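The next block is entry-v3.cif, given as mmCIF, C-alpha atoms, pLDDT in the B column; chains and numbers go by the auth columns.
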data_entry
loop_
_atom_site.group_PDB
_atom_site.id
_atom_site.type_symbol
_atom_site.label_atom_id
_atom_site.label_comp_id
_atom_site.label_asym_id
_atom_site.label_seq_id
_atom_site.Cartn_x
_atom_site.Cartn_y
_atom_site.Cartn_z
_atom_site.B_iso_or_equiv
_atom_site.auth_seq_id
_atom_site.auth_asym_id
ATOM 1 C CA MET A 1 5.575 -11.807 -14.486 48.00 33 Z
ATOM 2 C CA SER A 2 2.393 -10.573 -12.794 67.00 34 Z
ATOM 3 C CA SER A 3 1.023 -7.097 -13.394 75.00 35 Z
ATOM 4 C CA TYR A 4 1.698 -6.289 -9.742 80.00 36 Z
ATOM 5 C CA GLU A 5 5.308 -7.335 -10.168 79.00 37 Z
ATOM 6 C CA GLN A 6 5.720 -4.989 -13.130 82.00 38 Z
ATOM 7 C CA THR A 7 4.215 -1.990 -11.366 87.00 39 Z
ATOM 8 C CA ALA A 8 5.989 -2.768 -8.086 88.00 40 Z
ATOM 9 C CA ALA A 9 9.294 -1.801 -9.718 86.00 41 Z
ATOM 10 C CA LEU A 10 7.876 1.624 -10.644 86.00 42 Z
ATOM 11 C CA LEU A 11 6.386 2.031 -7.207 91.00 43 Z
ATOM 12 C CA LYS A 12 9.649 1.166 -5.481 91.00 44 Z
ATOM 13 C CA GLY A 13 11.334 4.137 -7.168 90.00 45 Z
ATOM 14 C CA LEU A 14 8.567 6.381 -5.901 92.00 46 Z
ATOM 15 C CA MET A 15 8.948 4.917 -2.411 93.00 47 Z
ATOM 16 C CA SER A 16 12.619 5.854 -2.329 92.00 48 Z
ATOM 17 C CA ASN A 17 11.622 9.443 -3.152 93.00 49 Z
ATOM 18 C CA LEU A 18 9.043 9.366 -0.354 94.00 50 Z
ATOM 19 C CA MET A 19 11.885 8.621 2.079 92.00 51 Z
ATOM 20 C CA SER A 20 14.060 11.459 0.741 90.00 52 Z
ATOM 21 C CA THR A 21 15.397 14.073 3.128 93.00 53 Z
ATOM 22 C CA ASP A 22 14.802 16.718 0.449 94.00 54 Z
ATOM 23 C CA ASN A 23 11.371 18.256 1.090 94.00 55 Z
ATOM 24 C CA ASN A 24 10.836 19.097 -2.590 95.00 56 Z
ATOM 25 C CA VAL A 25 11.556 15.534 -3.725 94.00 57 Z
ATOM 26 C CA ARG A 26 9.338 14.097 -0.987 95.00 58 Z
ATOM 27 C CA SER A 27 6.516 16.544 -1.757 95.00 59 Z
ATOM 28 C CA GLN A 28 6.608 15.696 -5.473 95.00 60 Z
ATOM 29 C CA ALA A 29 6.572 11.993 -4.625 94.00 61 Z
ATOM 30 C CA GLU A 30 3.550 12.438 -2.329 94.00 62 Z
ATOM 31 C CA THR A 31 1.714 14.324 -5.071 94.00 63 Z
ATOM 32 C CA ALA A 32 2.555 11.616 -7.616 94.00 64 Z
ATOM 33 C CA LEU A 33 1.483 8.869 -5.213 93.00 65 Z
ATOM 34 C CA ASN A 34 -1.905 10.484 -4.740 92.00 66 Z
ATOM 35 C CA SER A 35 -2.636 11.792 -8.228 91.00 67 Z
ATOM 36 C CA GLU A 36 -1.043 9.063 -10.374 91.00 68 Z
ATOM 37 C CA TRP A 37 -1.654 6.026 -8.196 92.00 69 Z
ATOM 38 C CA ARG A 38 -4.240 6.384 -5.435 92.00 70 Z
ATOM 39 C CA ASP A 39 -6.762 8.438 -7.414 90.00 71 Z
ATOM 40 C CA VAL A 40 -6.301 6.756 -10.814 91.00 72 Z
ATOM 41 C CA GLN A 41 -5.355 3.138 -10.161 92.00 73 Z
ATOM 42 C CA PRO A 42 -5.982 2.269 -6.492 93.00 74 Z
ATOM 43 C CA GLN A 43 -6.288 -1.470 -7.165 93.00 75 Z
ATOM 44 C CA THR A 44 -2.860 -1.539 -8.824 93.00 76 Z
ATOM 45 C CA LEU A 45 -1.379 0.536 -5.997 94.00 77 Z
ATOM 46 C CA LEU A 46 -2.675 -1.732 -3.234 96.00 78 Z
ATOM 47 C CA GLY A 47 -1.785 -4.921 -5.101 94.00 79 Z
ATOM 48 C CA SER A 48 1.717 -3.692 -5.910 95.00 80 Z
ATOM 49 C CA LEU A 49 2.363 -2.596 -2.324 96.00 81 Z
ATOM 50 C CA ALA A 50 1.246 -6.023 -1.088 96.00 82 Z
ATOM 51 C CA PHE A 51 3.553 -7.618 -3.649 95.00 83 Z
ATOM 52 C CA LEU A 52 6.469 -5.537 -2.309 96.00 84 Z
ATOM 53 C CA VAL A 53 5.597 -6.424 1.298 96.00 85 Z
ATOM 54 C CA HIS A 54 5.880 -10.106 0.464 96.00 86 Z
ATOM 55 C CA ARG A 55 8.521 -10.299 -2.213 94.00 87 Z
ATOM 56 C CA ASP A 56 11.004 -7.404 -1.998 94.00 88 Z
ATOM 57 C CA ASN A 57 14.560 -8.336 -1.027 94.00 89 Z
ATOM 58 C CA GLU A 58 15.092 -5.393 1.343 94.00 90 Z
ATOM 59 C CA ALA A 59 13.509 -5.441 4.804 95.00 91 Z
ATOM 60 C CA THR A 60 13.231 -1.631 4.888 95.00 92 Z
ATOM 61 C CA ALA A 61 11.309 -1.641 1.597 95.00 93 Z
ATOM 62 C CA ARG A 62 9.002 -4.409 2.842 96.00 94 Z
ATOM 63 C CA ALA A 63 8.350 -2.507 6.082 97.00 95 Z
ATOM 64 C CA PHE A 64 7.728 0.797 4.314 96.00 96 Z
ATOM 65 C CA ALA A 65 5.416 -0.886 1.802 96.00 97 Z
ATOM 66 C CA ALA A 66 3.409 -2.374 4.698 97.00 98 Z
ATOM 67 C CA VAL A 67 3.047 1.042 6.339 96.00 99 Z
ATOM 68 C CA LEU A 68 2.097 2.714 3.041 96.00 100 Z
ATOM 69 C CA LEU A 69 -0.430 -0.013 2.287 97.00 101 Z
ATOM 70 C CA ARG A 70 -2.096 0.442 5.668 96.00 102 Z
ATOM 71 C CA ARG A 71 -2.167 4.243 5.447 95.00 103 Z
ATOM 72 C CA ILE A 72 -3.376 4.440 1.859 95.00 104 Z
ATOM 73 C CA ALA A 73 -5.937 1.642 2.048 95.00 105 Z
ATOM 74 C CA PHE A 74 -7.858 3.310 4.849 93.00 106 Z
ATOM 75 C CA GLN A 75 -7.415 6.882 3.734 89.00 107 Z
ATOM 76 C CA ASP A 76 -10.673 8.708 3.088 86.00 108 Z
ATOM 77 C CA VAL A 77 -11.274 9.694 -0.514 79.00 109 Z
ATOM 78 C CA LYS A 78 -14.169 11.590 -1.977 68.00 110 Z
ATOM 79 C CA ALA A 79 -16.219 9.500 -4.370 61.00 111 Z
ATOM 80 C CA GLY A 80 -18.485 12.414 -5.312 59.00 112 Z
ATOM 81 C CA ASP A 81 -19.494 15.951 -4.421 58.00 113 Z
ATOM 82 C CA ASN A 82 -21.386 14.906 -1.334 58.00 114 Z
ATOM 83 C CA LYS A 83 -19.748 14.475 2.094 57.00 115 Z
ATOM 84 C CA GLU A 84 -21.702 11.220 2.434 58.00 116 Z
ATOM 85 C CA ASP A 85 -19.876 9.882 -0.628 59.00 117 Z
ATOM 86 C CA GLU A 86 -16.566 9.689 1.275 64.00 118 Z
ATOM 87 C CA ARG A 87 -15.103 6.214 1.356 86.00 119 Z
ATOM 88 C CA THR A 88 -11.780 4.592 1.956 91.00 120 Z
ATOM 89 C CA VAL A 89 -9.513 3.514 -0.860 93.00 121 Z
ATOM 90 C CA TRP A 90 -9.992 -0.086 0.358 95.00 122 Z
ATOM 91 C CA SER A 91 -13.761 0.139 -0.086 91.00 123 Z
ATOM 92 C CA LEU A 92 -13.372 1.349 -3.674 90.00 124 Z
ATOM 93 C CA VAL A 93 -11.341 -1.588 -4.986 93.00 125 Z
ATOM 94 C CA PRO A 94 -12.918 -4.899 -6.088 94.00 126 Z
ATOM 95 C CA ASN A 95 -13.090 -7.949 -3.832 94.00 127 Z
ATOM 96 C CA GLY A 96 -10.608 -9.757 -6.075 93.00 128 Z
ATOM 97 C CA VAL A 97 -7.997 -7.160 -5.160 94.00 129 Z
ATOM 98 C CA HIS A 98 -8.874 -7.566 -1.480 95.00 130 Z
ATOM 99 C CA GLN A 99 -8.242 -11.290 -1.770 95.00 131 Z
ATOM 100 C CA ALA A 100 -4.970 -10.834 -3.676 94.00 132 Z
ATOM 101 C CA VAL A 101 -3.714 -8.347 -1.072 95.00 133 Z
ATOM 102 C CA LYS A 102 -4.694 -10.633 1.810 96.00 134 Z
ATOM 103 C CA ASN A 103 -2.981 -13.607 0.162 95.00 135 Z
ATOM 104 C CA GLU A 104 0.254 -11.643 -0.305 95.00 136 Z
ATOM 105 C CA LEU A 105 0.154 -10.344 3.268 97.00 137 Z
ATOM 106 C CA LEU A 106 -0.443 -13.781 4.758 96.00 138 Z
ATOM 107 C CA GLY A 107 2.363 -15.185 2.619 96.00 139 Z
ATOM 108 C CA ALA A 108 4.591 -12.360 3.830 97.00 140 Z
ATOM 109 C CA LEU A 109 3.688 -13.094 7.444 96.00 141 Z
ATOM 110 C CA LYS A 110 4.663 -16.716 6.956 96.00 142 Z
ATOM 111 C CA ASP A 111 7.981 -15.831 5.312 95.00 143 Z
ATOM 112 C CA GLU A 112 9.082 -12.646 7.116 95.00 144 Z
ATOM 113 C CA THR A 113 12.216 -12.974 9.263 94.00 145 Z
ATOM 114 C CA ASP A 114 12.833 -9.321 10.197 95.00 146 Z
ATOM 115 C CA ARG A 115 11.193 -8.527 13.523 96.00 147 Z
ATOM 116 C CA GLY A 116 10.431 -4.841 12.808 96.00 148 Z
ATOM 117 C CA THR A 117 8.964 -5.618 9.409 96.00 149 Z
ATOM 118 C CA ARG A 118 6.889 -8.388 10.935 97.00 150 Z
ATOM 119 C CA HIS A 119 5.395 -5.936 13.457 97.00 151 Z
ATOM 120 C CA LYS A 120 4.462 -3.471 10.701 97.00 152 Z
ATOM 121 C CA LEU A 121 2.998 -6.319 8.669 96.00 153 Z
ATOM 122 C CA CYS A 122 0.890 -7.455 11.630 97.00 154 Z
ATOM 123 C CA ASP A 123 -0.376 -3.885 12.100 96.00 155 Z
ATOM 124 C CA THR A 124 -1.460 -3.818 8.447 97.00 156 Z
ATOM 125 C CA ILE A 125 -3.190 -7.205 8.639 97.00 157 Z
ATOM 126 C CA SER A 126 -4.932 -6.117 11.846 95.00 158 Z
ATOM 127 C CA GLU A 127 -6.166 -2.900 10.238 94.00 159 Z
ATOM 128 C CA ILE A 128 -7.584 -4.817 7.269 94.00 160 Z
ATOM 129 C CA THR A 129 -9.320 -7.264 9.594 93.00 161 Z
ATOM 130 C CA ASN A 130 -10.792 -4.454 11.687 92.00 162 Z
ATOM 131 C CA ASN A 131 -12.215 -2.718 8.623 86.00 163 Z
ATOM 132 C CA GLU A 132 -13.995 -5.673 7.081 80.00 164 Z
#
If you took the structure in this file and wrote it as structure tokens, what would it be?
Amino acid sequence: MSSYEQTAALLKGLMSNLMSTDNNVRSQAETALNSEWRDVQPQTLLGSLAFLVHRDNEATARAFAAVLLRRIAFQDVKAGDNKEDERTVWSLVPNGVHQAVKNELLGALKDETDRGTRHKLCDTISEITNNE
């Protein structure tokens, strides 16, 4: 079992809370996503989302993971006190993570059968390509 596979299960629970109709649940999930994942372990977050995009059994989870991956990866984060230190999450993770994410996404593109999920996946791949 890969490390991304292990953390993907935790992340999937958080994703279900992000889709909640209850504003309090959704707000807590957004805070957890940012403070416990994006800010602390961005490489694990991106790798686990890519894992879910390729390997989850549910098309809605794969689609949502693709959208989250795209939005989080190119979200601006402050790397220091200076405005010039702003970077994207994608730029902060190592090249090995970039390659792992790309491999999962290309594998997902090859295997995906759901049309809507495929479109979201293509949007994510396009965004990565445009930002490299």
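Every protein, DNA or RNA residue with an atom at most 6 Å from range 83-88 of chain Z, where all atoms listed in the file count and chain neighbours fewer than 5 positions away do not, is listed here: Arg94, Ala97, Ala98, Glu136 and Ala140 of chain Z.
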Taking all atoms listed in the file into account, name the residue in Z:Trp122, Z:Ala40, Z:Met51, Z:Asp155 that is nearest to Phe96 in chain Z.
Z:Met51
Mind telling me what the PyMOL selection byres ((chain Z and resi 125) around 12) catches here, as a ChimeraX atom specification?
/Z:70-79,105-106,119-124,126-133
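If you measure from each of Z:Thr39, Z:Asn162, Z:Thr149, Z:Asn49 to Ala61 in chain Z using all atoms listed in the file, the closest one turns out to be Z:Asn49.
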If we count all atoms listed in the file and set the cut-off at 8 Å, which residues sit around Val99 in chain Z, ignoring sequence neighbours fewer than 2 positions away in its own chain? Please answer as a PyMOL selection string.
chain Z and resi 95-97+101-103+152-153+156
May I have the protein, DNA and RNA residues with any atom at most 10 Å from the point (15.8, -7.8, 9.8), counting all atoms listed in the file, written as a JSON list (two decimals) with C-alpha atoms, in the frame of the given file?
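Now in out19.json:
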[["chain", "number", "residue", "atom", "x", "y", "z"],
["Z", 90, "GLU", "CA", 15.09, -5.39, 1.34],
["Z", 91, "ALA", "CA", 13.51, -5.44, 4.80],
["Z", 92, "THR", "CA", 13.23, -1.63, 4.89],
["Z", 95, "ALA", "CA", 8.35, -2.51, 6.08],
["Z", 144, "GLU", "CA", 9.08, -12.65, 7.12],
["Z", 145, "THR", "CA", 12.22, -12.97, 9.26],
["Z", 146, "ASP", "CA", 12.83, -9.32, 10.20],
["Z", 147, "ARG", "CA", 11.19, -8.53, 13.52],
["Z", 148, "GLY", "CA", 10.43, -4.84, 12.81],
["Z", 149, "THR", "CA", 8.96, -5.62, 9.41],
["Z", 150, "ARG", "CA", 6.89, -8.39, 10.94]]
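Across the model, the gap from CA of Ser52 in chain Z to CA of Leu141 in chain Z is 27.5 Å.
Using all atoms listed in the file, the shortest contact distance between Leu46 in chain Z and any of Z:Ser158, Z:Ala82, Z:Asn89, Z:Leu100 is found at Z:Leu100.
The residue that comes closest to Gln107 in chain Z, out of Z:Leu50, Z:Ser35, Z:Lys44, Z:Asn66 and on the basis of all atoms listed in the file, is Z:Asn66.
Separating CA of Leu65 in chain Z from CA of Gly139 in chain Z is a distance of 25.3 Å.
For the atom pair formed by CA of Ser80 in chain Z and CA of Gly45 in chain Z, the distance is 12.5 Å, given to one decimal.
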